[in-house]
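Visitor: query-v3.cif (mmCIF, C-alpha atoms and all ligand atoms) pasted underneath:
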```
data_structure
loop_
_atom_site.label_atom_id
_atom_site.label_comp_id
_atom_site.auth_asym_id
_atom_site.auth_seq_id
_atom_site.Cartn_x
_atom_site.Cartn_y
_atom_site.Cartn_z
CA MET G 184 -20.67 34.54 -44.93
CA ALA G 185 -24.06 32.80 -44.74
CA GLU G 186 -25.73 31.82 -48.02
CA ASP G 187 -28.85 33.79 -48.97
CA SER G 188 -31.28 30.89 -48.93
CA PRO G 189 -31.21 29.00 -45.60
CA ILE G 190 -32.04 25.33 -45.12
CA ARG G 191 -35.48 25.29 -43.47
CA THR G 192 -36.68 22.82 -40.87
CA GLU G 193 -39.06 22.72 -37.94
CA ALA G 194 -36.56 21.39 -35.40
CA LEU G 195 -32.79 21.77 -35.52
CA ILE G 196 -30.85 19.43 -33.25
CA VAL G 197 -27.22 20.28 -32.66
CA GLY G 198 -25.29 17.19 -31.59
CA GLY G 199 -25.51 13.68 -33.00
CA GLY G 200 -24.64 11.79 -29.82
CA MET G 201 -27.07 9.32 -28.27
CA VAL G 202 -29.21 12.11 -26.82
CA GLY G 203 -29.47 14.15 -30.05
CA MET G 204 -30.19 11.11 -32.23
CA ALA G 205 -32.83 9.75 -29.85
CA ALA G 206 -34.54 13.16 -29.78
CA ALA G 207 -34.43 13.30 -33.59
CA VAL G 208 -36.06 9.87 -33.88
CA ALA G 209 -38.80 10.84 -31.43
CA LEU G 210 -39.57 14.14 -33.19
CA ALA G 211 -39.47 12.72 -36.73
CA GLU G 212 -41.68 9.80 -35.65
CA GLY G 213 -44.06 12.35 -34.16
CA GLY G 214 -44.44 14.12 -37.50
CA ILE G 215 -41.98 16.98 -36.98
CA ALA G 216 -39.44 17.72 -39.72
CA THR G 217 -36.09 17.47 -37.96
CA LEU G 218 -32.57 18.30 -39.05
CA LEU G 219 -29.75 16.88 -36.95
CA ILE G 220 -26.21 18.18 -37.37
CA ASP G 221 -22.91 17.02 -35.91
CA SER G 222 -19.40 18.30 -36.43
CA GLU G 223 -18.09 14.70 -36.76
CA PRO G 224 -18.84 12.45 -39.77
CA ALA G 225 -21.57 9.91 -38.97
CA GLU G 226 -19.46 6.85 -39.92
CA GLU G 227 -16.73 8.00 -37.49
CA ARG G 228 -19.20 8.20 -34.60
CA VAL G 229 -20.12 4.51 -34.96
CA SER G 230 -16.57 3.21 -35.43
CA ALA G 231 -15.05 0.95 -32.75
CA GLY G 232 -12.32 3.44 -31.88
CA TYR G 233 -14.61 6.45 -31.42
CA ASP G 234 -16.32 5.41 -28.19
CA GLY G 235 -15.38 2.06 -26.68
CA ARG G 236 -17.65 2.58 -23.67
CA SER G 237 -20.80 0.74 -22.76
CA SER G 238 -23.88 2.13 -21.05
CA ALA G 239 -26.23 0.59 -18.56
CA ILE G 240 -29.68 0.95 -20.12
CA ALA G 241 -32.23 0.79 -17.31
CA PHE G 242 -35.54 -1.04 -17.77
CA GLY G 243 -37.47 2.21 -18.32
CA SER G 244 -34.97 3.50 -20.90
CA GLN G 245 -35.12 0.18 -22.69
CA GLN G 246 -38.89 0.51 -22.95
CA ALA G 247 -38.50 4.04 -24.34
CA LEU G 248 -36.03 2.74 -26.95
CA ASP G 249 -38.50 0.00 -27.81
CA GLN G 250 -41.28 2.56 -28.31
CA LEU G 251 -39.00 4.46 -30.70
CA GLY G 252 -38.52 1.31 -32.79
CA LEU G 253 -34.86 0.97 -31.79
CA TRP G 254 -34.67 -1.93 -29.37
CA ALA G 255 -35.14 -4.69 -31.94
CA ALA G 256 -31.87 -3.65 -33.58
CA MET G 257 -30.06 -3.52 -30.23
CA ALA G 258 -31.46 -6.53 -28.36
CA GLY G 259 -29.18 -9.08 -30.00
CA GLU G 260 -26.12 -7.23 -28.74
CA ALA G 261 -27.42 -6.26 -25.30
CA GLU G 262 -26.37 -8.16 -22.18
CA PRO G 263 -29.10 -8.40 -19.51
CA ILE G 264 -28.25 -7.26 -15.96
CA LEU G 265 -29.23 -10.14 -13.71
CA ASP G 266 -27.73 -9.30 -10.32
CA ILE G 267 -26.42 -6.14 -8.67
CA ARG G 268 -24.14 -6.35 -5.67
CA VAL G 269 -23.07 -3.24 -3.76
CA SER G 270 -20.39 -3.42 -1.10
CA ASP G 271 -18.63 -0.88 1.07
CA GLY G 272 -15.38 -0.64 2.93
CA ARG G 273 -11.90 0.84 2.98
CA PRO G 274 -9.06 -0.25 0.72
CA GLY G 275 -6.47 -2.22 2.61
CA GLU G 276 -9.08 -3.47 5.08
CA ALA G 277 -11.64 -6.24 4.78
CA ALA G 278 -14.87 -5.18 3.08
CA ALA G 279 -17.80 -4.40 5.36
CA PRO G 280 -19.58 -7.69 6.20
CA LEU G 281 -22.93 -6.35 5.02
CA PHE G 282 -23.64 -5.86 1.35
CA LEU G 283 -26.67 -5.30 -0.86
CA HIS G 284 -27.61 -7.96 -3.36
CA TYR G 285 -30.40 -7.48 -5.86
CA ASP G 286 -31.54 -10.46 -7.92
CA HIS G 287 -33.69 -9.71 -10.95
CA ARG G 288 -35.85 -12.76 -10.24
CA GLU G 289 -37.02 -11.10 -7.01
CA SER G 290 -37.86 -7.73 -8.60
CA GLY G 291 -41.36 -8.76 -9.68
CA LEU G 292 -40.75 -7.42 -13.19
CA ALA G 293 -40.03 -10.80 -14.79
CA ALA G 294 -37.31 -8.96 -16.69
CA PRO G 295 -33.65 -8.07 -16.14
CA PHE G 296 -32.90 -4.83 -14.25
CA GLY G 297 -31.61 -3.40 -17.48
CA HIS G 298 -29.01 -4.12 -20.11
CA ILE G 299 -25.38 -3.31 -20.78
CA VAL G 300 -25.02 -2.10 -24.35
CA GLU G 301 -21.95 -0.86 -26.17
CA ASN G 302 -22.47 2.78 -27.11
CA ARG G 303 -21.60 2.11 -30.73
CA VAL G 304 -24.41 -0.48 -30.93
CA THR G 305 -26.86 2.18 -29.72
CA ARG G 306 -25.41 4.78 -32.10
CA ARG G 307 -25.65 2.36 -35.04
CA ALA G 308 -29.31 1.55 -34.27
CA LEU G 309 -30.13 5.26 -33.96
CA LEU G 310 -28.44 6.18 -37.24
CA ALA G 311 -30.19 3.33 -39.09
CA ARG G 312 -33.57 4.39 -37.67
CA LEU G 313 -32.97 8.02 -38.66
CA ALA G 314 -32.09 6.94 -42.20
CA ALA G 315 -35.48 5.19 -42.42
CA LEU G 316 -37.54 8.17 -41.22
CA PRO G 317 -38.65 10.48 -44.04
CA LEU G 318 -38.93 13.51 -41.73
CA ALA G 319 -35.40 13.15 -40.35
CA THR G 320 -32.31 14.54 -42.04
CA VAL G 321 -28.76 14.12 -40.81
CA LEU G 322 -26.13 16.62 -41.87
CA ALA G 323 -22.60 15.63 -40.86
CA PRO G 324 -19.96 16.83 -40.71
CA ALA G 325 -21.56 20.21 -40.07
CA LYS G 326 -20.51 22.43 -37.20
CA LEU G 327 -22.78 25.12 -35.85
CA ALA G 328 -20.71 28.28 -35.56
CA LYS G 329 -23.29 30.87 -34.61
CA VAL G 330 -26.94 31.06 -33.67
CA GLU G 331 -29.38 33.93 -33.37
CA ARG G 332 -32.67 33.52 -31.57
CA SER G 333 -35.82 35.47 -32.37
CA ALA G 334 -39.50 35.31 -31.47
CA ASP G 335 -40.30 32.90 -34.31
CA GLY G 336 -37.31 30.59 -33.97
CA VAL G 337 -33.59 30.47 -34.63
CA MET G 338 -31.18 31.17 -37.45
CA GLY G 339 -28.05 29.06 -37.24
CA GLU G 340 -24.89 29.51 -39.23
CA LEU G 341 -22.59 26.58 -39.99
CA ALA G 342 -18.81 26.86 -40.07
CA ASP G 343 -18.91 26.27 -43.84
CA GLY G 344 -21.18 29.27 -44.37
CA ARG G 345 -24.51 27.49 -44.86
CA SER G 346 -27.40 28.70 -42.71
CA ILE G 347 -30.37 26.93 -41.17
CA LYS G 348 -33.71 28.41 -40.15
CA ALA G 349 -35.71 26.47 -37.58
CA ARG G 350 -38.62 27.03 -35.23
CA LEU G 351 -37.01 25.01 -32.44
CA LEU G 352 -33.36 24.53 -31.50
CA ILE G 353 -32.38 21.55 -29.36
CA ALA G 354 -28.98 21.73 -27.70
CA ALA G 355 -27.67 18.15 -27.66
CA ASP G 356 -24.05 19.21 -27.91
CA GLY G 357 -22.82 17.21 -24.95
CA ALA G 358 -22.41 17.46 -21.20
CA ASN G 359 -20.64 20.82 -21.38
CA SER G 360 -23.12 22.22 -23.89
CA ALA G 361 -21.92 25.54 -25.30
CA LEU G 362 -25.43 26.20 -26.63
CA ARG G 363 -26.98 25.70 -23.21
CA ALA G 364 -24.45 28.08 -21.67
CA ALA G 365 -25.04 30.66 -24.44
CA ALA G 366 -28.79 30.49 -23.78
CA GLY G 367 -28.14 31.26 -20.12
CA ILE G 368 -29.71 28.03 -18.89
CA PRO G 369 -28.16 27.26 -15.50
CA ILE G 370 -27.15 23.80 -14.29
CA ALA G 371 -26.63 22.40 -10.82
CA GLN G 372 -23.26 20.73 -10.39
CA PHE G 373 -22.03 18.61 -7.50
CA VAL G 374 -18.45 17.61 -6.86
CA TYR G 375 -18.49 14.07 -5.53
CA ALA G 376 -14.71 14.00 -4.96
CA GLN G 377 -14.56 10.36 -5.94
CA THR G 378 -11.97 8.39 -7.85
CA GLY G 379 -13.63 5.67 -9.89
CA ILE G 380 -13.07 2.66 -12.08
CA VAL G 381 -15.62 1.46 -14.64
CA ALA G 382 -14.84 -1.75 -16.52
CA THR G 383 -16.29 -4.89 -18.03
CA VAL G 384 -14.47 -8.06 -17.05
CA GLU G 385 -14.80 -11.77 -17.57
CA ALA G 386 -14.23 -13.87 -14.49
CA ARG G 387 -14.34 -17.39 -13.10
CA GLY G 388 -17.74 -16.54 -11.70
CA PHE G 389 -19.75 -13.71 -10.18
CA ASP G 390 -19.17 -14.73 -6.54
CA TRP G 391 -15.46 -15.28 -7.15
CA LEU G 392 -15.16 -11.84 -8.72
CA CYS G 393 -17.10 -10.18 -5.87
CA GLY G 394 -14.58 -11.60 -3.41
CA GLN G 395 -11.59 -10.48 -5.47
CA VAL G 396 -12.90 -6.98 -6.04
CA GLU G 397 -13.94 -6.47 -2.44
CA GLU G 398 -10.51 -7.56 -1.26
CA LEU G 399 -8.82 -5.14 -3.63
CA LEU G 400 -11.14 -2.16 -3.60
CA ALA G 401 -13.54 -2.72 -0.71
CA ALA G 402 -16.27 -0.44 -2.11
CA SER G 403 -17.79 -1.47 -5.40
CA THR G 404 -20.93 -2.04 -7.41
CA LEU G 405 -20.93 -5.16 -9.56
CA LEU G 406 -23.51 -5.98 -12.19
CA ARG G 407 -23.68 -9.57 -13.36
CA VAL G 408 -24.45 -9.71 -17.07
CA ARG G 409 -25.01 -12.72 -19.25
CA LEU G 410 -22.32 -13.22 -21.85
CA ASP G 411 -23.66 -14.81 -24.99
CA GLN G 412 -20.82 -17.10 -25.98
CA GLY G 413 -22.42 -17.81 -29.32
CA ARG G 414 -22.05 -14.30 -30.62
CA ALA G 415 -19.05 -13.06 -28.66
CA THR G 416 -16.64 -14.21 -31.33
CA ASP G 417 -14.34 -11.23 -30.97
CA ARG G 418 -13.88 -11.67 -27.22
CA LYS G 419 -11.97 -14.12 -25.11
CA VAL G 420 -14.69 -16.04 -23.32
CA CYS G 421 -13.77 -17.64 -20.02
CA PRO G 422 -15.06 -21.17 -19.40
CA SER G 423 -17.75 -20.06 -16.97
CA GLY G 424 -19.06 -17.56 -19.49
CA GLU G 425 -19.62 -14.96 -16.75
CA ALA G 426 -19.18 -11.30 -17.61
CA CYS G 427 -19.50 -8.56 -15.05
CA ALA G 428 -19.69 -4.81 -15.25
CA LEU G 429 -17.71 -3.28 -12.43
CA ALA G 430 -18.07 0.20 -11.00
CA ALA G 431 -15.94 1.06 -8.00
CA SER G 432 -15.36 4.44 -6.44
CA ALA G 433 -13.73 5.97 -3.40
CA ALA G 434 -12.84 9.40 -2.10
CA PRO G 435 -9.29 10.24 -3.26
CA ASP G 436 -7.84 9.80 0.24
CA ARG G 437 -9.41 6.33 0.40
CA ALA G 438 -8.49 5.17 -3.12
CA PRO G 439 -5.74 2.54 -3.34
CA ALA G 440 -2.35 4.02 -4.25
CA ARG G 441 -1.34 3.31 -7.87
C1 LIG I 1 -17.15 6.79 -18.01
C2 LIG I 1 -18.59 7.14 -18.34
C3 LIG I 1 -19.58 6.16 -18.19
C4 LIG I 1 -20.92 6.46 -18.46
N1 LIG I 1 -21.85 5.46 -18.30
C5 LIG I 1 -23.15 5.73 -18.55
C6 LIG I 1 -24.14 4.71 -18.39
O1 LIG I 1 -23.85 3.60 -18.00
N2 LIG I 1 -25.44 5.03 -18.66
C7 LIG I 1 -25.77 6.30 -19.08
O2 LIG I 1 -26.96 6.54 -19.33
N3 LIG I 1 -24.86 7.27 -19.25
C8 LIG I 1 -23.55 7.03 -18.98
N4 LIG I 1 -22.62 8.02 -19.12
C9 LIG I 1 -23.03 9.34 -19.58
C10 LIG I 1 -23.25 9.28 -21.09
O3 LIG I 1 -22.16 8.70 -21.76
C11 LIG I 1 -23.38 10.66 -21.60
O4 LIG I 1 -24.32 11.34 -20.81
C12 LIG I 1 -23.92 10.62 -23.04
O5 LIG I 1 -23.02 9.96 -23.88
C13 LIG I 1 -24.07 12.03 -23.51
O6 LIG I 1 -24.63 11.96 -24.81
P1 LIG I 1 -24.93 13.26 -25.57
O7 LIG I 1 -25.63 12.88 -26.83
O8 LIG I 1 -25.62 14.25 -24.67
O9 LIG I 1 -23.51 13.94 -25.84
P2 LIG I 1 -22.25 13.48 -26.70
O10 LIG I 1 -22.19 12.03 -26.91
O11 LIG I 1 -21.10 14.18 -26.05
O12 LIG I 1 -22.56 14.12 -28.12
C14 LIG I 1 -22.49 15.51 -28.37
C15 LIG I 1 -22.27 15.68 -29.85
O13 LIG I 1 -22.40 17.06 -30.16
C16 LIG I 1 -21.51 17.36 -31.20
N5 LIG I 1 -21.30 18.80 -31.18
C17 LIG I 1 -20.86 19.57 -30.15
N6 LIG I 1 -20.82 20.86 -30.50
C18 LIG I 1 -21.27 20.93 -31.77
C19 LIG I 1 -21.46 22.01 -32.70
N7 LIG I 1 -21.20 23.29 -32.38
N8 LIG I 1 -21.93 21.73 -33.93
C20 LIG I 1 -22.21 20.44 -34.28
N9 LIG I 1 -22.05 19.39 -33.45
C21 LIG I 1 -21.59 19.63 -32.20
C22 LIG I 1 -20.26 16.55 -30.89
O14 LIG I 1 -19.49 16.30 -32.07
C23 LIG I 1 -20.88 15.26 -30.32
O15 LIG I 1 -21.01 14.23 -31.29
C24 LIG I 1 -21.28 7.76 -18.89
C25 LIG I 1 -20.29 8.74 -19.05
C26 LIG I 1 -18.96 8.44 -18.76
C27 LIG I 1 -17.90 9.52 -18.93
#
```
What is this structure when it is put down as structure tokens?
Ligand SMILES: Cc1cc2nc3c(=O)[nH]c(=O)nc-3n(C[C@H](O)[C@H](O)[C@H](O)COP(=O)(O)OP(=O)(O)OC[C@H]3O[C@@H](n4cnc5c(N)ncnc54)[C@H](O)[C@@H]3O)c2cc1C

Guide:
Amino acid sequence: MAEDSPIRTEALIVGGGMVGMAAAVALAEGGIATLLIDSEPAEERVSAGYDGRSSAIAFGSQQALDQLGLWAAMAGEAEPILDIRVSDGRPGEAAAPLFLHYDHRESGLAAPFGHIVENRVTRRALLARLAALPLATVLAPAKLAKVERSADGVMGELADGRSIKARLLIAADGANSALRAAAGIPIAQFVYAQTGIVATVEARGFDWLCGQVEELLAASTLLRVRLDQGRATDRKVCPSGEACALAASAAPDRAPAR
């Protein structure tokens, strides 16, 4: 049963992932009182075990994060993408002789193509920024159980019985957003029918790794990132200090047998 007196806010964001938190920072910075809720406790969402993945933050996204006052807290733990090499071929056969190689020094930007950042680093920076913004409030754990829309906004009900009244509801509840589906907002989906591997590896060198990966997988995209040996105390650093992000994919009938 919802309590009589609802929590009131201008914007209610459901979902405290990277998308929800970034939206909350932008709105609160823009002068809009924002309440962000997530069904998971905040400290759990920044723990090492919660999400061990990294994301490639493109140059434009990095500039957006900078504008939101977030990049300074992330830069020290971000690895710049210096080269991108894309190759094609079939497993079990030699890679196609032609490949694409992009070198950041030739891009004209005088900056890396982007950065590889661990998701928890981004989450930590977002949470810290939200804590510093007077117009932002984070309520977690708090699960939205029900929502009713009307002409002047929404009334949400949490699983614990509390209710929230807001003028705007933002559905940031993940890729398979239940809120988006409930609102009848359609999405376009494509089945790529690809089997993929995404990994970060340390190798004897970028060119050596390209050769190894192409021999094994034929089709791949490799990003060369700089590994800062000074701060990578919790990692095994190979003598060359080269770290690479690897993304390889193939149609299931072309993927190597396990
Ligand atoms: C292998 C892999 C690699 C990827 N690499 C990249 C990359 O390099 N670059 C990139 O940009 N993207 C990448 N992505 C995509 C990216 O990870 C996701 O798009 C992004 O994490 C989605 O963030 P989000 O905030 O929308 O959702 P999520 O991180 O899924 O957050 C949704 C949140 O909503 C909360 N929630 C859900 N329902 C409720 C409810 N009813 N009440 C309260 N809270 C609720 C959940 O607890 C959750 O915390 C990758 C994805 C995968 C799978």

Visitor: Would you mind listing the residues within 7 Å of ligand LIG 1 (chain I), counting all atoms listed in the file, as a ChimeraX atom specification?

Guide: /G:197-203,220-223,236-240,325-328,355-358,381

Visitor: Now that the selection is made, can you save its residues with C-alpha atoms as a PDB file, in the coordinates of the input?

Guide:
```pdb
ATOM      1  CA  VAL G 197     -27.220  20.280 -32.660  1.00  0.00           C
ATOM      2  CA  GLY G 198     -25.290  17.190 -31.590  1.00  0.00           C
ATOM      3  CA  GLY G 199     -25.510  13.680 -33.000  1.00  0.00           C
ATOM      4  CA  GLY G 200     -24.640  11.790 -29.820  1.00  0.00           C
ATOM      5  CA  MET G 201     -27.070   9.320 -28.270  1.00  0.00           C
ATOM      6  CA  VAL G 202     -29.210  12.110 -26.820  1.00  0.00           C
ATOM      7  CA  GLY G 203     -29.470  14.150 -30.050  1.00  0.00           C
ATOM      8  CA  ILE G 220     -26.210  18.180 -37.370  1.00  0.00           C
ATOM      9  CA  ASP G 221     -22.910  17.020 -35.910  1.00  0.00           C
ATOM     10  CA  SER G 222     -19.400  18.300 -36.430  1.00  0.00           C
ATOM     11  CA  GLU G 223     -18.090  14.700 -36.760  1.00  0.00           C
ATOM     12  CA  ARG G 236     -17.650   2.580 -23.670  1.00  0.00           C
ATOM     13  CA  SER G 237     -20.800   0.740 -22.760  1.00  0.00           C
ATOM     14  CA  SER G 238     -23.880   2.130 -21.050  1.00  0.00           C
ATOM     15  CA  ALA G 239     -26.230   0.590 -18.560  1.00  0.00           C
ATOM     16  CA  ILE G 240     -29.680   0.950 -20.120  1.00  0.00           C
ATOM     17  CA  ALA G 325     -21.560  20.210 -40.070  1.00  0.00           C
ATOM     18  CA  LYS G 326     -20.510  22.430 -37.200  1.00  0.00           C
ATOM     19  CA  LEU G 327     -22.780  25.120 -35.850  1.00  0.00           C
ATOM     20  CA  ALA G 328     -20.710  28.280 -35.560  1.00  0.00           C
ATOM     21  CA  ALA G 355     -27.670  18.150 -27.660  1.00  0.00           C
ATOM     22  CA  ASP G 356     -24.050  19.210 -27.910  1.00  0.00           C
ATOM     23  CA  GLY G 357     -22.820  17.210 -24.950  1.00  0.00           C
ATOM     24  CA  ALA G 358     -22.410  17.460 -21.200  1.00  0.00           C
ATOM     25  CA  VAL G 381     -15.620   1.460 -14.640  1.00  0.00           C
TER      26      VAL G 381
END
```

Visitor: Between G:Ala402, G:Ile196, G:Asp335, G:Trp391, which has the minimum distance to Glu276 of chain G (counting all atoms listed in the file)?

Guide: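 Answer, going by the shortest atom-to-atom distance: G:Ala402.
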
Visitor: State, in Å with one decimal place, the distance from atom CA of Gly235 of chain G to atom CA of Ile264 of chain G.

Guide: 19.2 Å

Visitor: Work out how far atom CA of Gly259 of chain G is from atom CA of Gln245 of chain G, in Å to one decimal.

Guide: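 The value is 13.2 Å.
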
Visitor: Rounded to one decimal in Å, what is the spacing between atom CA of Leu309 of chain G and atom CA of Glu193 of chain G?

Guide: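 Straight-line distance from atom CA of Leu309 of chain G to atom CA of Glu193 of chain G works out to 20.0 Å.
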
Visitor: Kindly indicate which residue among G:Ala247, G:Ala430, G:Ala311, G:Leu265 lies nearest to Ser290 of chain G, using all atoms listed in the file for the distances.

Guide: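 Nearest to Ser290 of chain G: G:Leu265.
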
Visitor: Of the candidates G:Ala434, G:Leu351, G:Ala216, G:Ala428, which one gets nearest to Pro317 of chain G if we count all atoms listed in the file?

Guide: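 Residue with the minimum atom-to-atom distance to Pro317 of chain G: G:Ala216.
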
Visitor: Show which residues sit within 12 Å of Leu281 of chain G, as an NGL selection string. Count all atoms listed in the file, and ignore same-chain residues fewer than 5 positions away.

Guide: :G and (268-272 or 397 or 401-402)

Visitor: Excluding Phe242 of chain G and residues on its chain fewer than 6 positions from it, collect all residues at most 10 Å away from it, counting all atoms listed in the file, and give them as a CSV table (one decimal) with C-alpha atoms, in the coordinates of the input.

Guide:
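See selection-v5.csv below for the written result:
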```csv
chain,number,residue,atom,x,y,z
G,248,LEU,CA,-36.0,2.7,-27.0
G,263,PRO,CA,-29.1,-8.4,-19.5
G,264,ILE,CA,-28.2,-7.3,-16.0
G,292,LEU,CA,-40.8,-7.4,-13.2
G,294,ALA,CA,-37.3,-9.0,-16.7
G,295,PRO,CA,-33.6,-8.1,-16.1
G,296,PHE,CA,-32.9,-4.8,-14.2
G,297,GLY,CA,-31.6,-3.4,-17.5
G,298,HIS,CA,-29.0,-4.1,-20.1
```

Visitor: Determine, counting all atoms listed in the file, which protein, DNA and RNA residues have an atom within 8 Å of an atom of Leu313 of chain G; residues of the same chain fewer than 3 positions away are not included. Present the result as a list of chain:residue names.

Guide: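 The filter keeps G:Met204, G:Ala207, G:Val208, G:Leu309, G:Leu310, G:Leu316, G:Ala319, G:Thr320, G:Val321.
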
Visitor: Could you tell me which of G:Ile267, G:Ala376, G:Ala431, G:Leu341 comes closest to Val408 of chain G if we count only C-alpha atoms?

Guide: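 Residue with the minimum atom-to-atom distance to Val408 of chain G: G:Ile267.
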
Visitor: Would you list the contacts of Thr305 of chain G as a ChimeraX atom specification, taking every protein, DNA or RNA residue within 9 Å and counting all atoms listed in the file, but skipping same-chain residues closer than 3 positions in sequence?

Guide: /G:201,229,253-254,256-257,300-302,308-310

Visitor: Which residue is closest to Arg407 of chain G? Choose from G:Ser244, G:Thr383, G:Thr192, G:Ser346 and count only C-alpha atoms.

Guide: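 Going through G:Ser244, G:Thr383, G:Thr192, G:Ser346 one by one, the smallest distance to Arg407 of chain G is for G:Thr383.
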
Visitor: Compare G:Ile368, G:Ala258, G:Ile190, G:Val337 by their minimum atom-to-atom distance to Arg350 of chain G, counting all atoms listed in the file, and give me the closest one.

Guide: G:Val337

Visitor: Since the input lacks some atoms of segment 210-227 of chain G, please model N, CA and C atoms and print them as a PDB file, in the frame of the given file.

Guide:
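selection-v9.pdb was written with the following content:
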```
ATOM      1  N   LEU G 210     -38.882  13.027 -32.514  1.00  0.00           N
ATOM      2  CA  LEU G 210     -39.570  14.140 -33.190  1.00  0.00           C
ATOM      3  C   LEU G 210     -40.021  13.730 -34.592  1.00  0.00           C
ATOM      4  N   ALA G 211     -39.124  13.101 -35.346  1.00  0.00           N
ATOM      5  CA  ALA G 211     -39.470  12.720 -36.730  1.00  0.00           C
ATOM      6  C   ALA G 211     -40.607  11.695 -36.730  1.00  0.00           C
ATOM      7  N   GLU G 212     -40.584  10.781 -35.764  1.00  0.00           N
ATOM      8  CA  GLU G 212     -41.680   9.800 -35.650  1.00  0.00           C
ATOM      9  C   GLU G 212     -42.984  10.495 -35.304  1.00  0.00           C
ATOM     10  N   GLY G 213     -42.877  11.604 -34.568  1.00  0.00           N
ATOM     11  CA  GLY G 213     -44.060  12.350 -34.160  1.00  0.00           C
ATOM     12  C   GLY G 213     -44.553  13.322 -35.219  1.00  0.00           C
ATOM     13  N   GLY G 214     -43.948  13.307 -36.396  1.00  0.00           N
ATOM     14  CA  GLY G 214     -44.440  14.120 -37.500  1.00  0.00           C
ATOM     15  C   GLY G 214     -43.780  15.493 -37.617  1.00  0.00           C
ATOM     16  N   ILE G 215     -42.653  15.679 -36.953  1.00  0.00           N
ATOM     17  CA  ILE G 215     -41.980  16.980 -36.980  1.00  0.00           C
ATOM     18  C   ILE G 215     -40.707  16.885 -37.834  1.00  0.00           C
ATOM     19  N   ALA G 216     -40.628  17.719 -38.855  1.00  0.00           N
ATOM     20  CA  ALA G 216     -39.440  17.720 -39.720  1.00  0.00           C
ATOM     21  C   ALA G 216     -38.232  18.137 -38.896  1.00  0.00           C
ATOM     22  N   THR G 217     -37.221  17.265 -38.867  1.00  0.00           N
ATOM     23  CA  THR G 217     -36.090  17.470 -37.960  1.00  0.00           C
ATOM     24  C   THR G 217     -34.775  17.365 -38.719  1.00  0.00           C
ATOM     25  N   LEU G 218     -33.912  18.330 -38.470  1.00  0.00           N
ATOM     26  CA  LEU G 218     -32.570  18.300 -39.050  1.00  0.00           C
ATOM     27  C   LEU G 218     -31.580  18.148 -37.909  1.00  0.00           C
ATOM     28  N   LEU G 219     -30.752  17.113 -37.987  1.00  0.00           N
ATOM     29  CA  LEU G 219     -29.750  16.880 -36.950  1.00  0.00           C
ATOM     30  C   LEU G 219     -28.372  17.140 -37.548  1.00  0.00           C
ATOM     31  N   ILE G 220     -27.573  17.955 -36.857  1.00  0.00           N
ATOM     32  CA  ILE G 220     -26.210  18.180 -37.370  1.00  0.00           C
ATOM     33  C   ILE G 220     -25.188  17.751 -36.321  1.00  0.00           C
ATOM     34  N   ASP G 221     -24.020  17.331 -36.821  1.00  0.00           N
ATOM     35  CA  ASP G 221     -22.910  17.020 -35.910  1.00  0.00           C
ATOM     36  C   ASP G 221     -21.612  17.378 -36.611  1.00  0.00           C
ATOM     37  N   SER G 222     -20.664  17.873 -35.823  1.00  0.00           N
ATOM     38  CA  SER G 222     -19.400  18.300 -36.430  1.00  0.00           C
ATOM     39  C   SER G 222     -18.538  17.115 -36.868  1.00  0.00           C
ATOM     40  N   GLU G 223     -18.856  15.895 -36.377  1.00  0.00           N
ATOM     41  CA  GLU G 223     -18.090  14.700 -36.760  1.00  0.00           C
ATOM     42  C   GLU G 223     -18.853  13.926 -37.827  1.00  0.00           C
ATOM     43  N   PRO G 224     -18.131  13.279 -38.776  1.00  0.00           N
ATOM     44  CA  PRO G 224     -18.840  12.450 -39.770  1.00  0.00           C
ATOM     45  C   PRO G 224     -19.581  11.305 -39.076  1.00  0.00           C
ATOM     46  N   ALA G 225     -20.737  10.936 -39.616  1.00  0.00           N
ATOM     47  CA  ALA G 225     -21.570   9.910 -38.970  1.00  0.00           C
ATOM     48  C   ALA G 225     -20.833   8.572 -38.868  1.00  0.00           C
ATOM     49  N   GLU G 226     -20.111   8.173 -39.943  1.00  0.00           N
ATOM     50  CA  GLU G 226     -19.460   6.850 -39.920  1.00  0.00           C
ATOM     51  C   GLU G 226     -18.363   6.804 -38.840  1.00  0.00           C
ATOM     52  N   GLU G 227     -17.755   7.958 -38.539  1.00  0.00           N
ATOM     53  CA  GLU G 227     -16.730   8.000 -37.490  1.00  0.00           C
ATOM     54  C   GLU G 227     -17.358   7.754 -36.122  1.00  0.00           C
TER      55      GLU G 227
END
```
